[in-house]
$ cat query10.pdb   # PDB, C-alpha atoms and all ligand atoms
ATOM      1  CA  MET A   1       7.824   3.457 -12.197
ATOM      2  CA  ALA A   2      10.877   5.746 -12.439
ATOM      3  CA  TYR A   3      13.965   4.361 -14.162
ATOM      4  CA  ASN A   4      16.393   2.874 -11.614
ATOM      5  CA  ASP A   5      20.007   3.147 -12.768
ATOM      6  CA  ALA A   6      21.157   0.440 -10.333
ATOM      7  CA  ASN A   7      19.972  -2.206 -12.846
ATOM      8  CA  VAL A   8      22.702  -4.437 -14.290
ATOM      9  CA  PHE A   9      22.410  -3.144 -17.868
ATOM     10  CA  ALA A  10      22.915   0.435 -16.645
ATOM     11  CA  GLN A  11      25.986  -0.885 -14.790
ATOM     12  CA  ILE A  12      27.264  -2.451 -18.022
ATOM     13  CA  LEU A  13      26.737   0.837 -19.876
ATOM     14  CA  ARG A  14      28.706   2.703 -17.193
ATOM     15  CA  GLY A  15      31.472   0.111 -17.332
ATOM     16  CA  ASP A  16      30.731  -0.964 -13.746
ATOM     17  CA  ALA A  17      29.777  -4.529 -14.717
ATOM     18  CA  PRO A  18      31.412  -6.788 -17.322
ATOM     19  CA  ALA A  19      29.838  -7.893 -20.592
ATOM     20  CA  PHE A  20      30.783 -10.013 -23.592
ATOM     21  CA  LYS A  21      30.307  -7.204 -26.088
ATOM     22  CA  VAL A  22      29.390  -7.858 -29.697
ATOM     23  CA  TYR A  23      28.781  -4.411 -31.176
ATOM     24  CA  GLU A  24      28.176  -0.815 -30.210
ATOM     25  CA  ASN A  25      27.567   2.565 -31.770
ATOM     26  CA  ASP A  26      26.510   5.940 -30.338
ATOM     27  CA  PHE A  27      22.973   4.716 -29.688
ATOM     28  CA  ALA A  28      23.018   1.069 -28.676
ATOM     29  CA  LEU A  29      25.108  -1.794 -27.323
ATOM     30  CA  ALA A  30      24.888  -5.525 -28.105
ATOM     31  CA  PHE A  31      26.301  -8.220 -25.809
ATOM     32  CA  MET A  32      25.849 -11.885 -24.978
ATOM     33  CA  ASP A  33      23.049 -12.876 -22.597
ATOM     34  CA  ILE A  34      24.842 -14.363 -19.603
ATOM     35  CA  MET A  35      22.056 -16.924 -18.980
ATOM     36  CA  PRO A  36      21.254 -17.827 -22.581
ATOM     37  CA  GLN A  37      18.185 -19.780 -23.605
ATOM     38  CA  VAL A  38      20.084 -21.004 -26.653
ATOM     39  CA  ASP A  39      23.659 -20.678 -27.972
ATOM     40  CA  GLY A  40      24.049 -17.259 -29.596
ATOM     41  CA  HIS A  41      21.414 -15.541 -27.412
ATOM     42  CA  THR A  42      22.354 -11.868 -27.708
ATOM     43  CA  LEU A  43      20.863  -8.705 -26.199
ATOM     44  CA  VAL A  44      20.628  -5.206 -27.663
ATOM     45  CA  ILE A  45      20.041  -2.210 -25.386
ATOM     46  CA  PRO A  46      19.767   1.520 -26.074
ATOM     47  CA  LYS A  47      22.433   3.687 -24.468
ATOM     48  CA  TYR A  48      19.624   5.760 -22.945
ATOM     49  CA  THR A  49      17.600   5.477 -19.777
ATOM     50  CA  ALA A  50      14.404   3.707 -20.784
ATOM     51  CA  GLU A  51      12.779   0.992 -18.749
ATOM     52  CA  ASN A  52      10.681  -0.440 -21.540
ATOM     53  CA  LEU A  53       9.177   0.047 -24.988
ATOM     54  CA  HIS A  54       6.639   2.575 -23.734
ATOM     55  CA  ASP A  55       9.054   5.134 -22.358
ATOM     56  CA  VAL A  56      11.776   5.250 -25.005
ATOM     57  CA  ALA A  57      11.963   8.170 -27.436
ATOM     58  CA  PRO A  58      10.869   6.959 -30.895
ATOM     59  CA  GLU A  59      14.081   8.129 -32.579
ATOM     60  CA  ILE A  60      16.193   6.191 -30.046
ATOM     61  CA  LEU A  61      13.987   3.153 -30.572
ATOM     62  CA  GLY A  62      14.555   3.479 -34.314
ATOM     63  CA  GLU A  63      18.327   3.621 -33.903
ATOM     64  CA  THR A  64      18.204   0.666 -31.496
ATOM     65  CA  MET A  65      16.169  -1.387 -33.963
ATOM     66  CA  LYS A  66      18.783  -0.722 -36.663
ATOM     67  CA  VAL A  67      21.320  -2.346 -34.348
ATOM     68  CA  VAL A  68      18.907  -5.230 -33.640
ATOM     69  CA  GLN A  69      18.612  -5.826 -37.393
ATOM     70  CA  LEU A  70      22.369  -5.638 -37.953
ATOM     71  CA  VAL A  71      23.297  -7.912 -35.054
ATOM     72  CA  SER A  72      20.458 -10.333 -35.801
ATOM     73  CA  GLY A  73      21.884 -10.884 -39.279
ATOM     74  CA  ALA A  74      25.322 -11.526 -37.811
ATOM     75  CA  VAL A  75      23.932 -13.988 -35.231
ATOM     76  CA  LYS A  76      21.995 -15.822 -37.959
ATOM     77  CA  SER A  77      25.110 -16.127 -40.045
ATOM     78  CA  ALA A  78      27.476 -16.980 -37.159
ATOM     79  CA  PHE A  79      25.223 -19.828 -35.925
ATOM     80  CA  ASP A  80      23.911 -20.863 -39.333
ATOM     81  CA  ALA A  81      20.432 -20.502 -37.852
ATOM     82  CA  PRO A  82      17.403 -21.158 -40.086
ATOM     83  CA  GLY A  83      15.328 -18.916 -37.816
ATOM     84  CA  ILE A  84      15.842 -15.968 -35.477
ATOM     85  CA  MET A  85      13.415 -14.960 -32.765
ATOM     86  CA  ILE A  86      13.342 -11.390 -31.440
ATOM     87  CA  ALA A  87      11.726 -11.016 -28.011
ATOM     88  CA  GLN A  88      11.107  -7.979 -25.836
ATOM     89  CA  LEU A  89       9.312  -8.032 -22.483
ATOM     90  CA  ASN A  90       7.596  -5.055 -20.822
ATOM     91  CA  GLY A  91       6.894  -5.202 -17.096
ATOM     92  CA  ALA A  92       7.308  -7.896 -14.468
ATOM     93  CA  ALA A  93       3.908  -9.313 -15.388
ATOM     94  CA  ALA A  94       5.294  -9.981 -18.879
ATOM     95  CA  GLY A  95       8.403 -11.645 -17.439
ATOM     96  CA  GLN A  96      10.785  -8.663 -17.595
ATOM     97  CA  THR A  97      13.561  -9.098 -15.040
ATOM     98  CA  VAL A  98      16.008  -6.312 -15.967
ATOM     99  CA  PHE A  99      14.365  -2.906 -16.108
ATOM    100  CA  HIS A 100      16.352  -1.321 -18.905
ATOM    101  CA  LEU A 101      14.803  -1.749 -22.370
ATOM    102  CA  HIS A 102      16.362  -4.685 -24.240
ATOM    103  CA  PHE A 103      15.755  -6.899 -27.237
ATOM    104  CA  HIS A 104      16.565 -10.611 -27.186
ATOM    105  CA  ILE A 105      18.032 -12.082 -30.389
ATOM    106  CA  MET A 106      17.729 -15.876 -30.285
ATOM    107  CA  PRO A 107      18.680 -18.406 -32.961
ATOM    108  CA  ARG A 108      16.021 -21.076 -33.572
ATOM    109  CA  PHE A 109      16.461 -24.527 -35.008
ATOM    110  CA  ASP A 110      13.801 -27.105 -35.883
ATOM    111  CA  GLY A 111      13.381 -29.462 -32.947
ATOM    112  CA  LEU A 112      15.707 -27.590 -30.568
ATOM    113  CA  ASP A 113      13.835 -26.248 -27.538
ATOM    114  CA  PHE A 114      14.868 -23.217 -25.522
ATOM    115  CA  LYS A 115      16.367 -23.516 -22.055
ATOM    116  CA  LEU A 116      14.416 -21.791 -19.261
ATOM    117  CA  HIS A 117      14.530 -17.990 -19.131
ATOM    118  CA  ALA A 118      17.405 -16.420 -17.110
ATOM    119  CA  ARG A 119      18.235 -19.527 -15.049
ATOM    120  CA  GLU A 120      21.734 -20.896 -15.732
ATOM    121  CA  VAL A 121      24.877 -18.770 -16.034
ATOM    122  CA  GLU A 122      26.864 -19.857 -19.099
ATOM    123  CA  ASP A 123      30.599 -20.576 -19.074
ATOM    124  CA  GLY A 124      32.533 -17.347 -19.722
ATOM    125  CA  GLU A 125      34.942 -18.852 -22.248
ATOM    126  CA  LYS A 126      32.034 -20.168 -24.271
ATOM    127  CA  LEU A 127      30.353 -16.736 -24.277
ATOM    128  CA  ALA A 128      33.632 -15.059 -25.245
ATOM    129  CA  GLY A 129      33.930 -17.473 -28.185
ATOM    130  CA  PHE A 130      30.349 -16.804 -29.271
ATOM    131  CA  SER A 131      30.801 -13.017 -29.100
ATOM    132  CA  GLU A 132      33.920 -13.323 -31.256
ATOM    133  CA  ARG A 133      32.054 -15.497 -33.774
ATOM    134  CA  ILE A 134      29.293 -12.898 -34.088
ATOM    135  CA  ARG A 135      31.723  -9.965 -34.284
ATOM    136  CA  ALA A 136      33.479 -11.693 -37.189
ATOM    137  CA  LYS A 137      30.206 -11.457 -39.181
ATOM    138  CA  LEU A 138      29.768  -7.728 -38.569
ATOM    139  CA  PRO A 139      31.108  -4.934 -40.779
TER     140      PRO A 139
HETATM  141  P1  LIG A 201      14.181 -10.019 -19.354
HETATM  142  O1  LIG A 201      13.673 -11.098 -18.474
HETATM  143  O2  LIG A 201      13.499  -9.900 -20.669
HETATM  144  O3  LIG A 201      14.236  -8.734 -18.571
HETATM  145  O4  LIG A 201      15.640 -10.423 -19.749
HETATM  146  C1  LIG A 201      16.774 -10.126 -19.015
HETATM  147  C2  LIG A 201      17.857 -10.958 -19.587
HETATM  148  O5  LIG A 201      19.084 -10.461 -19.100
HETATM  149  C3  LIG A 201      17.797 -12.444 -19.206
HETATM  150  O6  LIG A 201      17.769 -13.221 -20.385
HETATM  151  C4  LIG A 201      19.062 -12.667 -18.400
HETATM  152  O7  LIG A 201      19.629 -13.917 -18.650
HETATM  153  C5  LIG A 201      19.949 -11.534 -18.881
HETATM  154  N1  LIG A 201      20.955 -11.053 -17.951
HETATM  155  C6  LIG A 201      20.819 -10.819 -16.616
HETATM  156  N2  LIG A 201      21.964 -10.318 -16.111
HETATM  157  C7  LIG A 201      22.850 -10.239 -17.134
HETATM  158  C8  LIG A 201      24.195  -9.793 -17.256
HETATM  159  N3  LIG A 201      24.892  -9.351 -16.202
HETATM  160  N4  LIG A 201      24.781  -9.856 -18.479
HETATM  161  C9  LIG A 201      24.096 -10.311 -19.548
HETATM  162  N5  LIG A 201      22.828 -10.736 -19.501
HETATM  163  C10 LIG A 201      22.201 -10.704 -18.314
END
$ encode --input "query10.pdb" --output "structure tokens" --more "lines below"
Ligand code: AMP
Amino acid sequence: MAYNDANVFAQILRGDAPAFKVYENDFALAFMDIMPQVDGHTLVIPKYTAENLHDVAPEILGETMKVVQLVSGAVKSAFDAPGIMIAQLNGAAAGQTVFHLHFHIMPRFDGLDFKLHAREVEDGEKLAGFSERIRAKLP
């Protein structure tokens, strides 16, 4: 399937849709998931048109993963999380709902279950506070 730049992450990259941004460099952008499965749920996307893992240039993927690693460390520290889960879905059959490549960074705690995937929009003030907390842990 050809990349469709009407998707919401492409809109965020163009500045046509809002986002609670956490970090960005020339290659990738990190921002809060608006329907988080857990507090601190953050997304990292490449600043390039790729629908999924299979159609991104390897060097862009590498740069994006550097940002995943950096932001994941900041999320872990900001939420004092004993575990961090990285998730990445390819294709509707795998549960992908936004067709611009993205990595989920999700804090995990013993005994705390996830909320359902992409269901409930979180309060904006809460997300703004979380993004600030994570930014404070970044260089
Ligand atoms: P996936 O199902 O892996 O494609 O994940 C898409 C993710 O994007 C879900 O976790 C949604 O909650 C999240 N999402 C959808 N729209 C927005 C948005 N406008 N800003 C931030 N996150 C979003």
$ closest_residue --input "query10.pdb" --among "A:Gly111, A:Pro139, A:Pro18, A:Gly73" --to "ligand LIG 201 (chain A)" --atoms "only C-alpha atoms and all ligand atoms"
A:Pro18
$ residues_around --input "query10.pdb" --residues "His100 in chain A" --least-positions-apart "6" --cutoff "9 Å" --atoms "only C-alpha atoms" --output "VMD selection string"
chain A and resid 3 to 5 7 to 10 45 to 46 48 to 52
$ resolve_selection --input "query10.pdb" --expression "the PyMOL selection byres (((not hetatm)) within 8 of (chain A and resi 201))" --output "NGL selection string"
:A and (8-9 or 12 or 17-20 or 31-37 or 43 or 87-90 or 95-104 or 117-121)
$ axis_aligned_box --input "query10.pdb" --around "range 116-120 of chain A" --padding-each-side "8 Å" --output "JSON"
{"center_x": 18.1, "center_y": -19.1, "center_z": -17.2, "size_x": 23.3, "size_y": 21.4, "size_z": 20.2}
$ residues_around --input "query10.pdb" --residues "Gly129 in chain A" --least-positions-apart "3" --cutoff "12 Å" --atoms "only C-alpha atoms" --output "list in words"
Phe20, Lys21, Val22, Met32, Asp39, Gly40, Ala78, Phe79, Glu122, Asp123, Gly124, Glu125, Lys126, Glu132, Arg133, Ile134, Arg135 and Ala136 of chain A
